[in-house]
>>> print(open('upload-v2.txt').read())   # compact mmCIF, C-alpha atoms
# COMPACT_ATOMS: atom_id res chain seq x y z
CA MET A 21 0.00 0.00 0.00
CA GLU A 22 2.90 2.39 0.68
CA GLN A 23 4.06 2.04 -2.90
CA VAL A 24 0.62 3.08 -4.16
CA ALA A 25 0.38 5.92 -1.62
CA SER A 26 3.57 7.44 -3.00
CA GLN A 27 1.77 7.86 -6.31
CA ILE A 28 -0.78 10.31 -4.89
CA GLY A 29 0.16 13.72 -6.25
CA ILE A 30 -1.02 17.16 -5.12
CA LYS A 31 -0.45 20.27 -7.21
CA GLY A 32 -1.75 23.80 -7.14
CA ILE A 33 -3.67 24.90 -10.23
CA ARG A 34 -5.63 28.02 -11.12
CA GLU A 35 -8.89 26.43 -9.98
CA GLY A 36 -7.51 25.17 -6.66
CA LEU A 37 -5.85 21.77 -6.25
CA LEU A 38 -5.22 18.92 -8.66
CA ILE A 39 -4.98 15.57 -6.86
CA SER A 40 -3.84 12.59 -8.92
CA VAL A 41 -4.44 9.03 -7.74
CA PRO A 42 -3.29 5.70 -9.22
CA ASP A 43 -5.82 3.96 -11.46
CA ARG A 44 -4.90 0.48 -10.20
CA GLY A 45 -5.84 -1.23 -6.95
CA SER A 46 -9.22 -1.60 -5.32
CA PHE A 47 -11.56 1.30 -4.62
CA ALA A 48 -11.44 0.44 -0.91
CA ASP A 49 -7.66 0.83 -0.93
CA LEU A 50 -8.01 4.17 -2.73
CA MET A 51 -10.46 5.45 -0.12
CA ALA A 52 -8.17 4.35 2.70
CA LEU A 53 -5.16 6.07 1.13
CA LEU A 54 -7.05 9.28 0.47
CA SER A 55 -8.48 9.36 3.98
CA VAL A 56 -5.02 9.12 5.53
CA GLU A 57 -3.40 11.58 3.09
CA LEU A 58 -6.11 14.24 3.46
CA ALA A 59 -6.30 13.91 7.24
CA GLN A 60 -2.53 14.39 7.56
CA LYS A 61 -2.52 17.50 5.36
CA GLN A 62 -5.91 18.95 6.22
CA ALA A 63 -4.52 22.06 7.89
CA PHE A 64 -2.70 23.05 4.70
CA LEU A 65 -5.34 22.03 2.13
CA GLN A 66 -8.65 22.85 3.80
CA GLY A 67 -10.95 25.26 2.01
CA SER A 68 -9.63 24.40 -1.46
CA GLN A 69 -11.51 23.18 -4.49
CA VAL A 70 -10.25 19.84 -5.83
CA ALA A 71 -10.06 18.35 -9.30
CA LEU A 72 -9.42 14.60 -8.95
CA GLN A 73 -7.45 12.89 -11.71
CA VAL A 74 -8.30 9.15 -11.75
CA GLY A 75 -6.87 7.92 -15.08
CA TYR A 76 -8.55 4.76 -16.37
CA ARG A 77 -10.10 3.80 -13.04
CA LYS A 78 -13.75 2.75 -13.43
CA LEU A 79 -16.03 4.72 -11.12
CA ASP A 80 -19.80 4.84 -10.79
CA LYS A 81 -22.01 7.40 -9.06
CA ASP A 82 -21.82 5.59 -5.71
CA HIS A 83 -18.01 5.68 -5.86
CA LEU A 84 -18.09 9.40 -6.64
CA ARG A 85 -20.47 10.12 -3.77
CA GLN A 86 -18.06 8.37 -1.40
CA LEU A 87 -15.20 10.44 -2.79
CA GLN A 88 -17.21 13.63 -2.33
CA ALA A 89 -17.88 12.63 1.28
CA VAL A 90 -14.22 12.02 2.16
CA PHE A 91 -13.25 15.41 0.72
CA GLU A 92 -16.09 17.15 2.59
CA GLN A 93 -14.94 15.51 5.83
CA ASN A 94 -11.59 17.24 5.30
CA GLN A 95 -13.15 20.62 4.41
CA LEU A 96 -12.43 20.29 0.70
CA GLU A 97 -14.82 20.58 -2.24
CA LEU A 98 -14.61 18.02 -5.05
CA TRP A 99 -15.70 19.90 -8.18
CA ALA A 100 -14.16 17.93 -11.07
CA ILE A 101 -13.32 14.36 -12.08
CA LEU A 102 -10.67 14.01 -14.79
CA ALA A 103 -11.08 10.50 -16.15
CA GLU A 104 -10.07 8.53 -19.23
CA ASP A 105 -12.94 6.08 -18.79
CA PRO A 106 -16.15 7.34 -20.52
CA SER A 107 -18.45 5.73 -17.94
CA ALA A 108 -16.64 7.54 -15.10
CA ARG A 109 -17.05 10.86 -16.94
CA GLU A 110 -20.75 10.15 -17.47
CA ALA A 111 -21.22 9.36 -13.78
CA ALA A 112 -19.44 12.62 -12.90
CA ARG A 113 -21.71 14.64 -15.18
CA ASP A 114 -24.78 13.00 -13.63
CA LEU A 115 -23.62 14.37 -10.28
CA ALA A 116 -23.00 17.84 -11.76
CA LEU A 117 -19.21 17.46 -11.50
CA ALA A 118 -16.97 18.97 -14.16
CA THR A 119 -14.99 16.60 -16.39
CA ARG A 120 -12.37 19.01 -17.73
CA LEU A 121 -10.26 21.97 -16.65
CA SER A 122 -10.78 25.32 -18.29
CA GLY A 123 -8.31 25.82 -21.13
CA SER A 124 -7.46 22.11 -21.34
CA GLN A 125 -7.06 20.42 -24.71
CA THR A 126 -10.29 18.44 -24.39
CA ASP A 127 -13.80 18.74 -25.77
CA LEU A 128 -16.78 19.38 -23.48
CA ASN A 129 -17.02 15.63 -22.78
CA GLY A 130 -13.42 15.47 -21.52
CA ASN A 131 -12.01 13.73 -24.61
CA PHE A 132 -8.54 14.88 -25.62
CA LEU A 133 -8.32 16.88 -28.83
CA LEU A 134 -5.58 16.29 -31.36
CA GLN A 135 -4.33 19.64 -32.54
CA MET A 136 -1.70 20.07 -35.22
CA PRO A 137 0.28 23.32 -35.37
CA GLU A 138 -0.59 25.53 -38.30
CA PRO A 139 2.04 25.76 -41.04
CA GLY A 140 4.56 28.47 -40.27
CA ALA A 141 3.27 28.92 -36.71
CA ALA A 142 5.92 30.10 -34.25
CA THR A 143 6.77 27.97 -31.24
CA ALA A 144 5.27 29.45 -28.08
CA VAL A 145 7.72 30.73 -25.49
CA ALA A 146 6.75 30.86 -21.83
CA PRO A 147 6.43 34.50 -20.70
CA GLN A 148 9.07 35.78 -18.31
CA PRO A 149 8.07 37.84 -15.29
CA PRO A 150 8.78 41.55 -15.66
CA GLN A 151 11.83 42.95 -13.94
CA GLY A 152 9.86 45.47 -11.87
CA GLY A 153 9.12 44.60 -8.26
CA LEU A 154 6.67 45.60 -5.53
CA ILE A 155 8.06 46.54 -2.10
CA LEU A 156 5.69 46.88 0.86
CA LYS A 157 6.77 47.99 4.33
CA GLU A 158 3.89 46.59 6.35
CA THR A 159 2.46 43.48 7.98
CA LEU A 160 -0.14 41.70 5.87
CA ARG A 161 -3.02 40.80 8.14
CA SER A 162 -5.75 38.18 7.67
CA GLY A 163 -7.93 38.93 4.65
CA ARG A 164 -5.27 41.00 2.84
CA SER A 165 -4.37 39.77 -0.67
CA ILE A 166 -1.51 40.98 -2.88
CA TYR A 167 -1.42 40.15 -6.60
CA HIS A 168 1.53 41.40 -8.63
CA GLU A 169 2.99 40.56 -12.04
CA GLY A 170 6.60 40.62 -10.95
CA HIS A 171 8.64 40.17 -7.77
CA VAL A 172 7.21 41.01 -4.33
CA VAL A 173 9.18 42.05 -1.23
CA ILE A 174 7.43 42.36 2.13
CA ILE A 175 9.26 44.12 4.94
CA GLY A 176 7.09 42.80 7.75
CA ASP A 177 5.09 39.68 8.53
CA VAL A 178 2.55 37.76 6.45
CA ASN A 179 -0.09 36.61 8.91
CA PRO A 180 -2.36 33.56 8.60
CA GLY A 181 -5.28 34.39 6.30
CA ALA A 182 -3.19 36.75 4.15
CA GLU A 183 -2.00 35.74 0.69
CA ILE A 184 0.54 36.82 -1.91
CA VAL A 185 0.38 35.79 -5.57
CA ALA A 186 3.30 36.89 -7.75
CA SER A 187 4.64 35.92 -11.17
CA GLY A 188 8.20 36.28 -9.84
CA ASP A 189 9.95 35.74 -6.50
CA VAL A 190 8.47 36.50 -3.08
CA ILE A 191 10.77 37.75 -0.31
CA VAL A 192 9.44 38.21 3.24
CA TRP A 193 11.72 40.06 5.63
CA GLY A 194 9.78 38.74 8.59
CA ARG A 195 7.53 35.81 9.51
CA LEU A 196 5.67 34.04 6.70
CA ARG A 197 2.56 32.36 8.10
CA GLY A 198 0.05 32.91 5.29
CA LEU A 199 -0.32 31.62 1.72
CA VAL A 200 2.27 32.48 -0.94
CA HIS A 201 2.23 31.53 -4.62
CA ALA A 202 5.42 32.51 -6.49
CA GLY A 203 5.97 31.95 -10.22
CA ALA A 204 2.20 32.05 -10.63
CA LEU A 205 2.45 32.33 -14.43
CA GLY A 206 4.47 29.12 -14.65
CA ASP A 207 8.00 30.27 -13.71
CA GLU A 208 9.54 27.20 -12.03
CA THR A 209 12.75 29.13 -11.23
CA ALA A 210 10.90 31.43 -8.81
CA VAL A 211 11.80 31.25 -5.11
CA ILE A 212 10.17 32.13 -1.80
CA CYS A 213 12.36 33.42 1.05
CA ALA A 214 11.50 34.33 4.64
CA LEU A 215 13.25 34.96 7.93
CA GLU A 216 10.77 32.58 9.57
CA LEU A 217 8.91 30.04 7.44
CA ASN A 218 5.69 28.64 8.91
CA PRO A 219 3.13 29.01 6.09
CA THR A 220 -0.40 27.73 5.69
CA GLN A 221 0.49 26.91 2.09
CA LEU A 222 3.29 27.53 -0.42
CA ARG A 223 3.16 27.19 -4.20
CA ILE A 224 5.71 27.69 -6.95
CA ALA A 225 4.37 27.49 -10.52
CA ASP A 226 2.10 24.40 -10.46
CA GLN A 227 3.80 22.75 -7.47
CA ILE A 228 2.35 22.83 -3.97
CA ALA A 229 4.34 22.47 -0.76
CA ILE A 230 3.16 20.71 2.37
CA SER A 231 4.76 21.80 5.62
CA PRO A 232 6.57 19.00 7.49
CA GLU A 233 4.77 17.52 10.48
CA GLU A 234 7.80 17.86 12.77
CA LYS A 235 8.46 21.34 14.11
CA ARG A 236 12.00 22.65 14.38
CA GLY A 237 13.36 23.62 17.75
CA ARG A 238 14.50 26.98 16.41
CA THR A 239 13.71 29.04 13.35
CA ILE A 240 16.21 29.88 10.64
CA PRO A 241 15.92 31.97 7.46
CA GLU A 242 14.83 29.65 4.65
CA GLN A 243 14.49 29.65 0.90
CA VAL A 244 11.95 27.50 -0.95
CA ALA A 245 12.57 26.42 -4.53
CA ILE A 246 11.78 23.62 -6.98
CA ARG A 247 14.50 20.96 -6.98
CA ASN A 248 14.16 17.82 -9.12
CA GLY A 249 10.49 18.45 -9.75
CA GLN A 250 9.39 19.13 -6.17
CA ILE A 251 9.40 22.00 -3.72
CA VAL A 252 12.12 21.90 -1.06
CA ALA A 253 13.14 24.26 1.73
CA GLU A 254 16.79 25.05 2.41
CA MET A 255 18.78 27.55 4.41
CA TRP A 256 18.51 31.05 2.96
CA GLN A 257 21.96 32.38 2.23
CA LYS A 258 21.19 36.09 2.42
>>> encode(input="upload-v2.txt", output="structure tokens")
Amino acid sequence: MEQVASQIGIKGIREGLLISVPDRGSFADLMALLSVELAQKQAFLQGSQVALQVGYRKLDKDHLRQLQAVFEQNQLELWAILAEDPSAREAARDLALATRLSGSQTDLNGNFLLQMPEPGAATAVAPQPPQGGLILKETLRSGRSIYHEGHVVIIGDVNPGAEIVASGDVIVWGRLRGLVHAGALGDETAVICALELNPTQLRIADQIAISPEEKRGRTIPEQVAIRNGQIVAEMWQK
């Protein structure tokens, strides 16, 4: 079961969270794995909308109702089922669940579209965040949201309930205890730095970070970045 559990993936997307589960194994095993995973990470995921990617797993309406229930128990809302199996998509639609993400290369039924590039079309290049930055000398309190297309520097604390979304880096010269999303336009080289790192949630590009269960005895300045496809925290060399 541990081998299957390691295949549960959680990523931040524009609509909330994308949770991917293996499409092999029994449904009972899947429910057990999800229950444990969500309970362990509830404090960092609660309140989010979830799109569940199930691959070729066969699911009926009863299965989907059980999945909705386990997410509701952990204060999450299941709003979409991304499935390769047509019967699973039909069951999802019967329960008024979405079967595709906005902007995805699928038709309204969730079937993948084959698109060929037009002759002479230029290859798309991912946009780079602008060089300009936003500097704020204040503490961001609960309910305060900052959205900026560039880098953001906060000289002060980011309290629980506050959030920062930036297309570039986010630097907090203080305590970071709220939600921060750096590289929000897809920049995987973006970093998040803070003198004290104890966030409710961190995201870089489409990756989501879960805070470790064990608490450190003392706080140190830390930098968060994507290393080998996942978010890691390391000492911030100022």
>>> closest_residue(input="upload-v2.txt", among="A:Cys213, A:Met51, A:Leu72, A:Leu205", to="Ala112 (chain A)", atoms="only C-alpha atoms")
A:Leu72
>>> closest_residue(input="upload-v2.txt", among="A:Leu38, A:Ile224, A:Ala52, A:Leu215", to="Leu121 (chain A)", atoms="only C-alpha atoms")
A:Leu38
>>> atom_distance(input="upload-v2.txt", atom1="CA of Thr239 (chain A)", atom2="CA of Val178 (chain A)")
15.8 Å
>>> residues_around(input="upload-v2.txt", residues="Gly206 (chain A)", least_positions_apart="5", cutoff="8 Å", atoms="all atoms listed in the file", output="list in words")
Ala146, Ser187, Ile224, Ala225 and Asp226 of chain A
>>> residues_around(input="upload-v2.txt", residues="Val70 (chain A)", least_positions_apart="2", cutoff="7 Å", atoms="all atoms listed in the file", output="JSON, numbers by chain")
{"A": [36, 37, 38, 39, 68, 72, 96, 97, 98, 99, 100]}
>>> axis_aligned_box(input="upload-v2.txt", around="region 57-76 of chain A", padding_each_side="3 Å", output="lines of an AutoDock Vina configuration file")
center_x = -7.0
center_y = 15.0
center_z = -4.2
size_x = 15.0
size_y = 26.5
size_z = 30.3
>>> atom_distance(input="upload-v2.txt", atom1="CA of Gln60 (chain A)", atom2="CA of Gln88 (chain A)")
17.7 Å
>>> atom_distance(input="upload-v2.txt", atom1="CA of Gln86 (chain A)", atom2="CA of Ile228 (chain A)")
25.1 Å
>>> closest_residue(input="upload-v2.txt", among="A:Asp114, A:Asp177, A:Glu35, A:Asp189", to="Ala71 (chain A)", atoms="all atoms listed in the file")
A:Glu35
>>> closest_residue(input="upload-v2.txt", among="A:Gln257, A:Gln221, A:Gln62, A:Ser107", to="Gly32 (chain A)", atoms="all atoms listed in the file")
A:Gln221
>>> residues_near_point(input="upload-v2.txt", point="(-18.0, 10.5, -6.5)", cutoff="9 Å", atoms="only C-alpha atoms", output="PyMOL selection string")
chain A and resi 79-89+98+101+111-112+115+117
>>> residues_around(input="upload-v2.txt", residues="Gln243 (chain A)", least_positions_apart="2", cutoff="7 Å", atoms="all atoms listed in the file", output="VMD selection string")
chain A and resid 211 to 214 245 253 to 256
>>> closest_residue(input="upload-v2.txt", among="A:Ile191, A:Leu102, A:Leu54, A:Gly75", to="Pro42 (chain A)", atoms="only C-alpha atoms")
A:Gly75
>>> closest_residue(input="upload-v2.txt", among="A:Ile155, A:Ala48, A:Ala63, A:Ala202", to="Pro180 (chain A)", atoms="only C-alpha atoms")
A:Ala63
>>> build_atoms(input="upload-v2.txt", residues="region 39-56 of chain A", atoms="N, CA and C atoms", output="PDB file, keeping the file's coordinate frame")
ATOM      1  N   ILE A  39      -5.441  16.761  -7.566  1.00  0.00           N
ATOM      2  CA  ILE A  39      -4.980  15.570  -6.860  1.00  0.00           C
ATOM      3  C   ILE A  39      -5.051  14.389  -7.807  1.00  0.00           C
ATOM      4  N   SER A  40      -3.916  13.742  -8.023  1.00  0.00           N
ATOM      5  CA  SER A  40      -3.840  12.590  -8.920  1.00  0.00           C
ATOM      6  C   SER A  40      -3.701  11.318  -8.099  1.00  0.00           C
ATOM      7  N   VAL A  41      -4.494  10.313  -8.447  1.00  0.00           N
ATOM      8  CA  VAL A  41      -4.440   9.030  -7.740  1.00  0.00           C
ATOM      9  C   VAL A  41      -4.166   7.924  -8.746  1.00  0.00           C
ATOM     10  N   PRO A  42      -3.563   6.813  -8.310  1.00  0.00           N
ATOM     11  CA  PRO A  42      -3.290   5.700  -9.220  1.00  0.00           C
ATOM     12  C   PRO A  42      -4.595   5.061  -9.698  1.00  0.00           C
ATOM     13  N   ASP A  43      -4.603   4.577 -10.938  1.00  0.00           N
ATOM     14  CA  ASP A  43      -5.820   3.960 -11.460  1.00  0.00           C
ATOM     15  C   ASP A  43      -5.790   2.440 -11.340  1.00  0.00           C
ATOM     16  N   ARG A  44      -4.916   1.915 -10.495  1.00  0.00           N
ATOM     17  CA  ARG A  44      -4.900   0.480 -10.200  1.00  0.00           C
ATOM     18  C   ARG A  44      -5.189   0.286  -8.715  1.00  0.00           C
ATOM     19  N   GLY A  45      -5.482  -0.947  -8.340  1.00  0.00           N
ATOM     20  CA  GLY A  45      -5.840  -1.230  -6.950  1.00  0.00           C
ATOM     21  C   GLY A  45      -7.325  -1.092  -6.729  1.00  0.00           C
ATOM     22  N   SER A  46      -7.800  -1.606  -5.606  1.00  0.00           N
ATOM     23  CA  SER A  46      -9.220  -1.600  -5.320  1.00  0.00           C
ATOM     24  C   SER A  46      -9.686  -0.206  -4.903  1.00  0.00           C
ATOM     25  N   PHE A  47     -10.999   0.022  -5.040  1.00  0.00           N
ATOM     26  CA  PHE A  47     -11.560   1.300  -4.620  1.00  0.00           C
ATOM     27  C   PHE A  47     -11.448   1.462  -3.102  1.00  0.00           C
ATOM     28  N   ALA A  48     -11.582   0.374  -2.374  1.00  0.00           N
ATOM     29  CA  ALA A  48     -11.440   0.440  -0.910  1.00  0.00           C
ATOM     30  C   ALA A  48     -10.053   0.906  -0.509  1.00  0.00           C
ATOM     31  N   ASP A  49      -9.019   0.389  -1.207  1.00  0.00           N
ATOM     32  CA  ASP A  49      -7.660   0.830  -0.930  1.00  0.00           C
ATOM     33  C   ASP A  49      -7.496   2.321  -1.238  1.00  0.00           C
ATOM     34  N   LEU A  50      -8.091   2.759  -2.358  1.00  0.00           N
ATOM     35  CA  LEU A  50      -8.010   4.170  -2.730  1.00  0.00           C
ATOM     36  C   LEU A  50      -8.636   5.045  -1.648  1.00  0.00           C
ATOM     37  N   MET A  51      -9.799   4.663  -1.153  1.00  0.00           N
ATOM     38  CA  MET A  51     -10.460   5.450  -0.120  1.00  0.00           C
ATOM     39  C   MET A  51      -9.630   5.506   1.158  1.00  0.00           C
ATOM     40  N   ALA A  52      -9.008   4.380   1.504  1.00  0.00           N
ATOM     41  CA  ALA A  52      -8.170   4.350   2.700  1.00  0.00           C
ATOM     42  C   ALA A  52      -6.965   5.271   2.550  1.00  0.00           C
ATOM     43  N   LEU A  53      -6.327   5.227   1.386  1.00  0.00           N
ATOM     44  CA  LEU A  53      -5.160   6.070   1.130  1.00  0.00           C
ATOM     45  C   LEU A  53      -5.523   7.544   1.156  1.00  0.00           C
ATOM     46  N   LEU A  54      -6.625   7.889   0.496  1.00  0.00           N
ATOM     47  CA  LEU A  54      -7.050   9.280   0.470  1.00  0.00           C
ATOM     48  C   LEU A  54      -7.404   9.781   1.864  1.00  0.00           C
ATOM     49  N   SER A  55      -8.084   8.965   2.629  1.00  0.00           N
ATOM     50  CA  SER A  55      -8.480   9.360   3.980  1.00  0.00           C
ATOM     51  C   SER A  55      -7.270   9.714   4.828  1.00  0.00           C
ATOM     52  N   VAL A  56      -6.239   8.874   4.768  1.00  0.00           N
ATOM     53  CA  VAL A  56      -5.020   9.120   5.530  1.00  0.00           C
ATOM     54  C   VAL A  56      -4.295  10.361   5.019  1.00  0.00           C
TER      55      VAL A  56
END
